[in-house]
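Source file: coords_32.pdb (PDB, C-alpha atoms and all ligand atoms)
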```
ATOM      1  CA  MET O 192     -12.617   3.735  -8.305
ATOM      2  CA  ILE O 193     -12.711   2.848  -4.601
ATOM      3  CA  THR O 194     -15.598   4.246  -2.603
ATOM      4  CA  ILE O 195     -15.377   4.364   1.168
ATOM      5  CA  ASP O 196     -18.925   4.904   2.341
ATOM      6  CA  ASN O 197     -19.648   5.864   5.942
ATOM      7  CA  VAL O 198     -17.190   3.379   7.450
ATOM      8  CA  SER O 199     -16.846   2.975  11.218
ATOM      9  CA  LYS O 200     -14.746   0.687  13.364
ATOM     10  CA  ALA O 201     -14.298   0.552  17.136
ATOM     11  CA  PHE O 202     -11.796  -1.473  19.163
ATOM     12  CA  GLY O 203     -13.508  -1.980  22.467
ATOM     13  CA  GLY O 204     -14.602   1.515  23.480
ATOM     14  CA  LEU O 205     -12.124   3.224  21.179
ATOM     15  CA  LYS O 206     -13.655   4.612  17.996
ATOM     16  CA  ALA O 207     -10.737   4.126  15.632
ATOM     17  CA  VAL O 208     -12.674   5.091  12.483
ATOM     18  CA  GLN O 209     -15.893   7.087  12.615
ATOM     19  CA  ASN O 210     -18.256   7.592   9.687
ATOM     20  CA  VAL O 211     -15.498   8.110   7.146
ATOM     21  CA  SER O 212     -16.464   8.575   3.507
ATOM     22  CA  PHE O 213     -14.302   9.468   0.522
ATOM     23  CA  GLU O 214     -13.460   8.224  -2.922
ATOM     24  CA  VAL O 215     -10.208   7.190  -4.497
ATOM     25  CA  GLU O 216     -10.686   8.158  -8.124
ATOM     26  CA  ARG O 217      -9.378   5.803 -10.738
ATOM     27  CA  GLY O 218      -6.022   7.109 -11.995
ATOM     28  CA  SER O 219      -5.437   9.335  -8.971
ATOM     29  CA  ILE O 220      -2.703   9.323  -6.376
ATOM     30  CA  THR O 221      -4.868  10.073  -3.386
ATOM     31  CA  GLY O 222      -3.240  11.011  -0.080
ATOM     32  CA  LEU O 223      -4.374  10.120   3.420
ATOM     33  CA  ILE O 224      -2.715  12.008   6.261
ATOM     34  CA  GLY O 225      -3.282  12.654   9.927
ATOM     35  CA  PRO O 226      -1.521  12.429  13.268
ATOM     36  CA  ASN O 227      -0.531   9.087  14.773
ATOM     37  CA  GLY O 228      -3.557   7.193  16.003
ATOM     38  CA  ALA O 229      -5.914   9.023  13.612
ATOM     39  CA  GLY O 230      -7.236   5.730  12.230
ATOM     40  CA  LYS O 231      -5.522   5.767   8.839
ATOM     41  CA  SER O 232      -4.062   2.255   8.972
ATOM     42  CA  THR O 233      -7.281   0.872  10.396
ATOM     43  CA  LEU O 234      -9.157   2.348   7.447
ATOM     44  CA  PHE O 235      -6.625   0.803   5.025
ATOM     45  CA  ASN O 236      -6.977  -2.555   6.737
ATOM     46  CA  ILE O 237     -10.736  -2.343   6.304
ATOM     47  CA  VAL O 238     -10.460  -1.442   2.606
ATOM     48  CA  ALA O 239      -7.901  -4.228   2.099
ATOM     49  CA  GLY O 240     -10.207  -6.794   3.680
ATOM     50  CA  LEU O 241      -7.988  -7.487   6.687
ATOM     51  CA  ILE O 242     -10.559  -6.395   9.231
ATOM     52  CA  PRO O 243     -14.318  -5.992   8.812
ATOM     53  CA  PRO O 244     -15.883  -2.592   9.506
ATOM     54  CA  ASP O 245     -18.586  -2.331  12.186
ATOM     55  CA  SER O 246     -20.668  -0.435   9.659
ATOM     56  CA  GLY O 247     -20.340   1.160   6.255
ATOM     57  CA  ARG O 248     -19.436  -0.108   2.836
ATOM     58  CA  ILE O 249     -16.463  -0.293   0.471
ATOM     59  CA  THR O 250     -16.946  -0.584  -3.269
ATOM     60  CA  LEU O 251     -14.434  -1.173  -6.053
ATOM     61  CA  GLU O 252     -15.620  -0.019  -9.481
ATOM     62  CA  GLY O 253     -19.166  -0.197  -8.164
ATOM     63  CA  THR O 254     -18.882  -3.709  -6.730
ATOM     64  CA  ASP O 255     -19.407  -4.112  -3.007
ATOM     65  CA  ILE O 256     -16.143  -5.498  -1.614
ATOM     66  CA  THR O 257     -16.867  -4.983   2.086
ATOM     67  CA  GLY O 258     -15.312  -7.840   4.022
ATOM     68  CA  ILE O 259     -13.861  -9.582   0.971
ATOM     69  CA  PRO O 260     -10.541 -11.142   2.040
ATOM     70  CA  PRO O 261      -7.217  -9.866   0.653
ATOM     71  CA  HIS O 262      -6.496 -12.857  -1.597
ATOM     72  CA  ARG O 263      -9.772 -12.312  -3.409
ATOM     73  CA  LEU O 264      -9.285  -8.545  -3.638
ATOM     74  CA  PHE O 265      -5.907  -9.272  -5.153
ATOM     75  CA  HIS O 266      -7.680 -11.061  -8.002
ATOM     76  CA  MET O 267     -10.045  -8.110  -8.313
ATOM     77  CA  GLY O 268      -7.110  -5.760  -8.775
ATOM     78  CA  LEU O 269      -6.698  -4.220  -5.329
ATOM     79  CA  VAL O 270      -3.640  -4.758  -3.130
ATOM     80  CA  ARG O 271      -2.200  -3.289   0.005
ATOM     81  CA  THR O 272       1.562  -3.519   0.153
ATOM     82  CA  PHE O 273       3.160  -5.064   3.186
ATOM     83  CA  GLN O 274       6.476  -5.280   4.803
ATOM     84  CA  ILE O 275       8.284  -8.202   3.249
ATOM     85  CA  PRO O 276       7.069 -11.171   5.268
ATOM     86  CA  HIS O 277       9.659 -12.674   7.557
ATOM     87  CA  GLU O 278       9.671 -15.939   5.617
ATOM     88  CA  PHE O 279      10.719 -14.127   2.457
ATOM     89  CA  SER O 280      13.747 -12.438   3.952
ATOM     90  CA  ARG O 281      15.874 -15.506   3.172
ATOM     91  CA  MET O 282      14.885 -15.419  -0.472
ATOM     92  CA  THR O 283      16.655 -13.204  -2.950
ATOM     93  CA  VAL O 284      15.067 -10.063  -4.320
ATOM     94  CA  ARG O 285      14.488 -11.815  -7.654
ATOM     95  CA  GLU O 286      12.855 -14.807  -5.960
ATOM     96  CA  ASN O 287      10.634 -12.495  -3.939
ATOM     97  CA  LEU O 288       9.298 -11.048  -7.176
ATOM     98  CA  MET O 289       8.851 -14.483  -8.768
ATOM     99  CA  VAL O 290       6.629 -15.883  -6.047
ATOM    100  CA  VAL O 291       4.308 -12.928  -5.614
ATOM    101  CA  PRO O 292       1.141 -14.343  -7.145
ATOM    102  CA  ALA O 293       1.541 -17.571  -5.196
ATOM    103  CA  GLY O 294       2.227 -15.714  -1.996
ATOM    104  CA  GLN O 295      -0.575 -13.198  -2.356
ATOM    105  CA  SER O 296      -3.284 -15.431  -3.664
ATOM    106  CA  GLY O 297      -2.613 -18.819  -2.151
ATOM    107  CA  GLU O 298      -3.969 -19.618   1.250
ATOM    108  CA  ASN O 299      -1.609 -22.587   1.531
ATOM    109  CA  LEU O 300       1.337 -20.377   0.918
ATOM    110  CA  PHE O 301       3.984 -22.654   2.327
ATOM    111  CA  ASN O 302       2.782 -25.737   0.512
ATOM    112  CA  SER O 303       2.463 -23.951  -2.759
ATOM    113  CA  TRP O 304       5.465 -21.750  -2.937
ATOM    114  CA  PHE O 305       8.202 -24.238  -3.690
ATOM    115  CA  ARG O 306       6.131 -25.724  -6.464
ATOM    116  CA  TRP O 307       5.224 -22.268  -7.720
ATOM    117  CA  ALA O 308       8.757 -21.022  -7.556
ATOM    118  CA  ARG O 309       9.888 -23.899  -9.766
ATOM    119  CA  VAL O 310       7.050 -23.471 -12.246
ATOM    120  CA  ARG O 311       7.526 -19.750 -12.416
ATOM    121  CA  ARG O 312      11.274 -19.995 -12.843
ATOM    122  CA  GLU O 313      10.566 -21.939 -16.003
ATOM    123  CA  ASP O 314       8.054 -19.418 -17.184
ATOM    124  CA  SER O 315       9.945 -17.036 -19.409
ATOM    125  CA  ARG O 316       7.238 -14.393 -19.339
ATOM    126  CA  VAL O 317       7.475 -14.208 -15.572
ATOM    127  CA  LEU O 318      11.258 -13.978 -15.788
ATOM    128  CA  GLU O 319      10.945 -11.207 -18.304
ATOM    129  CA  GLN O 320       8.500  -9.345 -16.111
ATOM    130  CA  VAL O 321      10.799  -9.744 -13.110
ATOM    131  CA  GLU O 322      13.715  -8.249 -15.030
ATOM    132  CA  GLU O 323      11.526  -5.426 -16.207
ATOM    133  CA  VAL O 324      10.404  -4.628 -12.658
ATOM    134  CA  LEU O 325      14.016  -4.767 -11.397
ATOM    135  CA  ASP O 326      14.967  -2.382 -14.143
ATOM    136  CA  PHE O 327      12.022  -0.027 -13.620
ATOM    137  CA  LEU O 328      12.749   0.308  -9.915
ATOM    138  CA  GLU O 329      16.525   0.375 -10.442
ATOM    139  CA  ILE O 330      17.132  -2.486  -8.037
ATOM    140  CA  GLY O 331      18.786  -4.820 -10.549
ATOM    141  CA  HIS O 332      22.104  -4.517  -8.730
ATOM    142  CA  VAL O 333      20.602  -6.175  -5.648
ATOM    143  CA  ALA O 334      18.589  -8.829  -7.518
ATOM    144  CA  ASP O 335      20.635 -11.671  -6.022
ATOM    145  CA  GLU O 336      20.829 -10.216  -2.509
ATOM    146  CA  LEU O 337      18.725 -11.782   0.212
ATOM    147  CA  ALA O 338      15.729  -9.543   0.802
ATOM    148  CA  GLY O 339      16.550  -9.515   4.503
ATOM    149  CA  ASN O 340      19.849  -7.765   3.751
ATOM    150  CA  LEU O 341      18.307  -4.801   1.940
ATOM    151  CA  SER O 342      18.175  -1.310   3.406
ATOM    152  CA  GLY O 343      14.801   0.025   4.550
ATOM    153  CA  GLY O 344      14.348   2.006   1.349
ATOM    154  CA  GLN O 345      15.331  -0.890  -0.900
ATOM    155  CA  LYS O 346      12.774  -3.048   0.921
ATOM    156  CA  LYS O 347      10.105  -0.462   0.151
ATOM    157  CA  LEU O 348      11.090  -0.534  -3.518
ATOM    158  CA  LEU O 349      10.884  -4.336  -3.477
ATOM    159  CA  ASP O 350       7.491  -3.999  -1.851
ATOM    160  CA  LEU O 351       6.383  -1.794  -4.760
ATOM    161  CA  GLY O 352       7.929  -4.323  -7.135
ATOM    162  CA  ARG O 353       5.848  -7.067  -5.586
ATOM    163  CA  ALA O 354       2.743  -4.977  -6.261
ATOM    164  CA  MET O 355       3.917  -4.557  -9.865
ATOM    165  CA  MET O 356       4.146  -8.330 -10.281
ATOM    166  CA  THR O 357       0.421  -8.622  -9.686
ATOM    167  CA  ASP O 358      -2.282  -7.485 -12.055
ATOM    168  CA  ALA O 359      -3.423  -5.041  -9.431
ATOM    169  CA  LYS O 360      -4.064  -1.553 -10.638
ATOM    170  CA  ALA O 361      -5.155  -0.105  -7.322
ATOM    171  CA  VAL O 362      -2.495  -0.061  -4.652
ATOM    172  CA  LEU O 363      -2.733   1.026  -1.017
ATOM    173  CA  LEU O 364       0.616   2.209   0.358
ATOM    174  CA  ASP O 365       0.957   2.627   4.113
ATOM    175  CA  GLU O 366       3.891   4.935   4.814
ATOM    176  CA  PRO O 367       6.172   4.081   1.882
ATOM    177  CA  GLY O 368       8.615   6.705   3.154
ATOM    178  CA  ALA O 369       8.896   5.573   6.773
ATOM    179  CA  GLY O 370      12.535   5.077   7.773
ATOM    180  CA  VAL O 371      13.800   5.705   4.252
ATOM    181  CA  ASN O 372      16.695   8.046   3.423
ATOM    182  CA  ARG O 373      16.088  11.084   1.183
ATOM    183  CA  THR O 374      17.726   9.599  -1.901
ATOM    184  CA  LEU O 375      15.698   6.414  -1.836
ATOM    185  CA  LEU O 376      12.593   8.367  -0.890
ATOM    186  CA  GLY O 377      13.011  10.303  -4.122
ATOM    187  CA  ARG O 378      13.284   7.025  -6.046
ATOM    188  CA  ILE O 379      10.187   5.599  -4.366
ATOM    189  CA  SER O 380       8.289   8.783  -5.072
ATOM    190  CA  ALA O 381       9.406   8.760  -8.721
ATOM    191  CA  ALA O 382       8.412   5.107  -9.088
ATOM    192  CA  ILE O 383       4.929   5.811  -7.722
ATOM    193  CA  GLN O 384       4.596   8.768 -10.088
ATOM    194  CA  ARG O 385       5.723   6.761 -13.119
ATOM    195  CA  LEU O 386       3.510   3.796 -12.290
ATOM    196  CA  ASN O 387       0.633   6.234 -12.130
ATOM    197  CA  THR O 388       1.292   8.219 -15.297
ATOM    198  CA  GLU O 389       2.839   5.513 -17.502
ATOM    199  CA  ARG O 390       0.961   2.443 -16.331
ATOM    200  CA  GLY O 391      -2.303   3.830 -15.045
ATOM    201  CA  TYR O 392      -1.949   2.619 -11.493
ATOM    202  CA  THR O 393      -4.227   4.191  -8.915
ATOM    203  CA  PHE O 394      -2.703   4.798  -5.493
ATOM    204  CA  CYS O 395      -3.939   5.702  -2.063
ATOM    205  CA  VAL O 396      -0.947   6.713   0.025
ATOM    206  CA  ILE O 397      -0.639   7.195   3.782
ATOM    207  CA  GLU O 398       2.493   9.168   4.538
ATOM    208  CA  HIS O 399       3.906  11.521   7.149
ATOM    209  CA  ASP O 400       6.389  13.110   4.757
ATOM    210  CA  MET O 401       4.460  16.188   3.654
ATOM    211  CA  ASP O 402       6.876  16.892   0.802
ATOM    212  CA  LEU O 403       6.138  13.484  -0.674
ATOM    213  CA  ILE O 404       2.411  13.998  -0.158
ATOM    214  CA  SER O 405       2.339  17.437  -1.735
ATOM    215  CA  THR O 406       4.486  16.323  -4.674
ATOM    216  CA  LEU O 407       2.471  13.215  -5.444
ATOM    217  CA  CYS O 408      -1.026  13.426  -4.106
ATOM    218  CA  GLU O 409      -4.209  15.146  -5.093
ATOM    219  CA  PRO O 410      -6.580  15.161  -3.447
ATOM    220  CA  VAL O 411      -5.429  14.626   0.116
ATOM    221  CA  HIS O 412      -7.783  13.523   2.892
ATOM    222  CA  VAL O 413      -7.070  14.312   6.518
ATOM    223  CA  MET O 414      -8.128  12.157   9.448
ATOM    224  CA  ALA O 415      -7.935  12.979  13.149
ATOM    225  CA  ASN O 416      -9.444  11.037  16.040
ATOM    226  CA  GLY O 417     -11.014   8.565  13.639
ATOM    227  CA  GLU O 418     -12.833  11.219  11.649
ATOM    228  CA  LEU O 419     -12.308  12.747   8.255
ATOM    229  CA  ILE O 420     -11.731  16.425   9.019
ATOM    230  CA  ALA O 421     -10.723  17.896   5.661
ATOM    231  CA  SER O 422     -10.061  17.090   2.014
ATOM    232  CA  GLY O 423      -8.417  18.983  -0.816
ATOM    233  CA  PRO O 424      -5.111  19.836  -2.424
ATOM    234  CA  MET O 425      -2.204  19.865   0.039
ATOM    235  CA  ALA O 426      -1.578  23.593  -0.500
ATOM    236  CA  GLU O 427      -5.087  24.327   0.747
ATOM    237  CA  LEU O 428      -4.867  21.931   3.662
ATOM    238  CA  ARG O 429      -1.729  23.628   4.939
ATOM    239  CA  GLN O 430      -3.853  26.754   5.483
ATOM    240  CA  ASN O 431      -6.750  24.850   7.064
ATOM    241  CA  GLU O 432      -7.145  25.762  10.709
ATOM    242  CA  GLN O 433      -8.654  22.416  11.745
ATOM    243  CA  VAL O 434      -5.833  20.526  10.083
ATOM    244  CA  ARG O 435      -3.190  22.691  11.712
ATOM    245  CA  GLU O 436      -4.795  22.147  15.094
ATOM    246  CA  ALA O 437      -4.895  18.383  14.609
ATOM    247  CA  TYR O 438      -1.169  18.389  13.935
ATOM    248  CA  LEU O 439      -0.394  20.599  16.899
ATOM    249  CA  GLY O 440      -1.294  17.698  19.165
ATOM    250  CA  GLY O 441      -3.713  19.145  21.717
ATOM    251  CA  GLY O 442      -6.992  17.558  20.775
ATOM    252  CA  VAL O 443      -5.495  14.440  19.249
ATOM    253  CA  SER O 444      -2.851  13.563  21.801
ATOM    254  CA  GLY O 445      -5.326  12.064  24.232
ATOM    255  CA  ARG O 446      -5.587   9.055  21.984
ATOM    256  CA  ALA O 447      -3.252   6.131  22.524
ATOM    257  CA  GLY O 448      -0.452   6.333  20.003
ATOM    258  CA  GLU O 449       1.283   3.450  18.276
TER     259      GLU O 449
HETATM  260  P1  LIG O 501      -2.867   5.607  12.309
HETATM  261  O1  LIG O 501      -2.516   4.620  11.254
HETATM  262  O2  LIG O 501      -3.588   6.812  11.791
HETATM  263  O3  LIG O 501      -1.677   6.022  13.135
HETATM  264  P2  LIG O 501      -4.325   3.419  13.504
HETATM  265  O4  LIG O 501      -5.410   3.094  12.547
HETATM  266  O5  LIG O 501      -3.144   2.531  13.533
HETATM  267  O6  LIG O 501      -3.898   4.941  13.334
HETATM  268  O7  LIG O 501      -4.934   3.440  14.976
HETATM  269  C1  LIG O 501      -6.123   4.131  15.305
HETATM  270  C2  LIG O 501      -6.450   3.846  16.762
HETATM  271  O8  LIG O 501      -6.926   2.506  16.865
HETATM  272  C3  LIG O 501      -5.266   3.951  17.699
HETATM  273  O9  LIG O 501      -5.713   4.485  18.923
HETATM  274  C4  LIG O 501      -4.802   2.540  17.857
HETATM  275  O10 LIG O 501      -4.161   2.352  19.084
HETATM  276  C5  LIG O 501      -6.117   1.775  17.775
HETATM  277  N1  LIG O 501      -5.955   0.426  17.199
HETATM  278  C6  LIG O 501      -5.490   0.133  15.975
HETATM  279  N2  LIG O 501      -5.519  -1.189  15.766
HETATM  280  C7  LIG O 501      -6.011  -1.753  16.901
HETATM  281  C8  LIG O 501      -6.293  -3.086  17.315
HETATM  282  N3  LIG O 501      -6.072  -4.119  16.507
HETATM  283  N4  LIG O 501      -6.787  -3.271  18.561
HETATM  284  C9  LIG O 501      -7.018  -2.232  19.374
HETATM  285  N5  LIG O 501      -6.792  -0.952  19.041
HETATM  286  C10 LIG O 501      -6.291  -0.706  17.832
HETATM  287 MG    MG O 502      -0.673   3.848  10.662
END
```

Rewritten as structure tokens:
Amino acid sequence: MITIDNVSKAFGGLKAVQNVSFEVERGSITGLIGPNGAGKSTLFNIVAGLIPPDSGRITLEGTDITGIPPHRLFHMGLVRTFQIPHEFSRMTVRENLMVVPAGQSGENLFNSWFRWARVRREDSRVLEQVEEVLDFLEIGHVADELAGNLSGGQKKLLDLGRAMMTDAKAVLLDEPGAGVNRTLLGRISAAIQRLNTERGYTFCVIEHDMDLISTLCEPVHVMANGELIASGPMAELRQNEQVREAYLGGGVSGRAGE
């Protein structure tokens, strides 16, 4: 379980995250929604150890992880998925999956990856796992494509695949549906669901696609202007006056967007 306890973060005078507290229960697919500029990504970056909070605390299964860097969180079972790094776009999909632990955990990524790639290629368990991930996500047909040539949706699936190659069981997904066509969005959504029910992965998902959120997530937390304004099942939140107002713009549009 991830506990976000009274976390705040300001950038200059801008209060990006203000006194936010909620829990991501183990085994849940928890949603995080809110208008652009609400502070969702900032909160994720704090939980993932990319930026320190000004105040507040994050715990993972009761252990204080506030300020612990991503490569150590990775070993503790928590990852935030990323866009495929630029350097990996010239590797094939299969290679991208093979080098994940080296890439995520090693600080000297570029020194270690060639060596790692060779070692891992000879490691039959890794190869087996790669094939299994390709199969699970139904991206086997593009296994030998360069990652840079994939469509937006296929990249998101590869991103999920990279998370599957780690031992992480808690995964933060920032807008897995952004720029993805409906068909692939359905596949991504199904993969998240299956990883949750069949493999016990816990997810916290930021997403603007309300269909995806209501299909996958419970509970859902809503942020606006840096604050947590509501929590509950999506069906309830749709009726919530404060949530509706936040999405209408008015009060939230004064904030610089992205
Ligand atoms: P969301 O993901 O909900 O759209 P963000 O967390 O990206 O919101 O942004 C929250 C607010 O913090 C925005 O006003 C954004 O411009 C600002 N912000 C985010 N990151 C930085 C940063 N590194 N430096 C300055 N301001 C930032
Ligand atoms: Mg964001």

Residues within 10 Å of ligand LIG 501 (chain O) (only C-alpha atoms and all ligand atoms), as number ranges by chain? O: 200-208, 223-237, 242, 365-366, 397-399, 413-417, 443-449

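Of the residues under consideration (O:Pro243, O:Gly343, O:Pro367, O:Gly391), O:Pro367 shows the shortest atom-to-atom contact distance to ligand MG 502 (chain O) when counting all atoms listed in the file.
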
For a quick check of understanding, using all atoms listed in the file, which of O:Val411, O:Leu419, O:Met289, O:Leu364 has the smallest distance to ligand MG 502 (chain O)?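 Among the listed residues, the smallest separation from ligand MG 502 (chain O) belongs to O:Leu364.
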
Just want the 10 Å neighbourhood of Asp358 in chain O, counted on all atoms listed in the file, with same-chain residues fewer than 2 positions away dropped. Output as a CSV table (one decimal) with C-alpha atoms, in the coordinates of the input.
```csv
chain,number,residue,atom,x,y,z
O,265,PHE,CA,-5.9,-9.3,-5.2
O,266,HIS,CA,-7.7,-11.1,-8.0
O,267,MET,CA,-10.0,-8.1,-8.3
O,268,GLY,CA,-7.1,-5.8,-8.8
O,269,LEU,CA,-6.7,-4.2,-5.3
O,270,VAL,CA,-3.6,-4.8,-3.1
O,292,PRO,CA,1.1,-14.3,-7.1
O,354,ALA,CA,2.7,-5.0,-6.3
O,355,MET,CA,3.9,-4.6,-9.9
O,356,MET,CA,4.1,-8.3,-10.3
O,360,LYS,CA,-4.1,-1.6,-10.6
O,361,ALA,CA,-5.2,-0.1,-7.3
```

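When all atoms listed in the file are used to measure the gap to Glu214 in chain O, the shortest distance among O:Ser246, O:Ser422, O:Asn340, O:Gln433 belongs to O:Ser422.
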
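Once the PyMOL selection byres (((chain O and resi 368) around 9) and not hetatm) is applied to the shown structure, the selection contains O:Gly344, O:Lys347, O:Asp365, O:Glu366, O:Pro367, O:Ala369, O:Gly370, O:Val371, O:Asn372, O:Arg373, O:Leu375, O:Leu376, O:Ile379, O:Ser380, O:Glu398, O:His399, O:Asp400, O:Leu403.
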
Tell me, as a PyMOL selection string, which residues lie within 8 Å of Met425 in chain O, counting only C-alpha atoms; anything in the same chain fewer than 5 positions away does not count. chain O and resi 404-405+408-411

Using all atoms listed in the file, find all polymer residues with an atom at most 7 Å away from the point (-19.0, 3.1, 6.1); report them as a list in words. Ile195, Asp196, Asn197, Val198, Ser199, Asn210, Val211, Ser212, Ser246, Gly247 and Arg248 of chain O

Any idea what the distance is between CA of Pro261 in chain O and CA of Val321 in chain O? 22.7 Å

For Tyr392 in chain O, work out the shell of residues within 9 Å, counting all atoms listed in the file and skipping chain neighbours fewer than 3 positions away, then give it as a compact mmCIF listing (two decimals) with C-alpha atoms, in the coordinates of the input.
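In the end it all went to result_13.txt:
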```txt
# COMPACT_ATOMS: atom_id res chain seq x y z
CA ARG O 217 -9.38 5.80 -10.74
CA GLY O 218 -6.02 7.11 -12.00
CA SER O 219 -5.44 9.34 -8.97
CA ILE O 220 -2.70 9.32 -6.38
CA ALA O 359 -3.42 -5.04 -9.43
CA LYS O 360 -4.06 -1.55 -10.64
CA ALA O 361 -5.16 -0.10 -7.32
CA VAL O 362 -2.50 -0.06 -4.65
CA ILE O 383 4.93 5.81 -7.72
CA ARG O 385 5.72 6.76 -13.12
CA LEU O 386 3.51 3.80 -12.29
CA ASN O 387 0.63 6.23 -12.13
CA THR O 388 1.29 8.22 -15.30
CA GLU O 389 2.84 5.51 -17.50
```

One decimal, in Å: what's the spacing between CA of Gln320 in chain O and CA of Gly352 in chain O? 10.3 Å

Taking all atoms listed in the file into account, name the residue in O:Phe213, O:Leu341, O:Asn431, O:Val396 that is nearest to ligand MG 502 (chain O).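 With all atoms listed in the file as the atom set, the closest residue is O:Val396.
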
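Put simply, CA of Thr374 in chain O is 12.6 Å away from CA of Glu329 in chain O.
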
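Among the candidates O:Ala338, O:Glu252, O:Gly258, O:Ala421, the residue lying nearest to Val238 in chain O is O:Gly258 (atoms considered: all atoms listed in the file).
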
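Comparing the minimum interatomic distances between Val434 in chain O and each of O:Leu363, O:Val317, O:Met192, O:Ile420, counting only C-alpha atoms, we find that O:Ile420 sits nearest.
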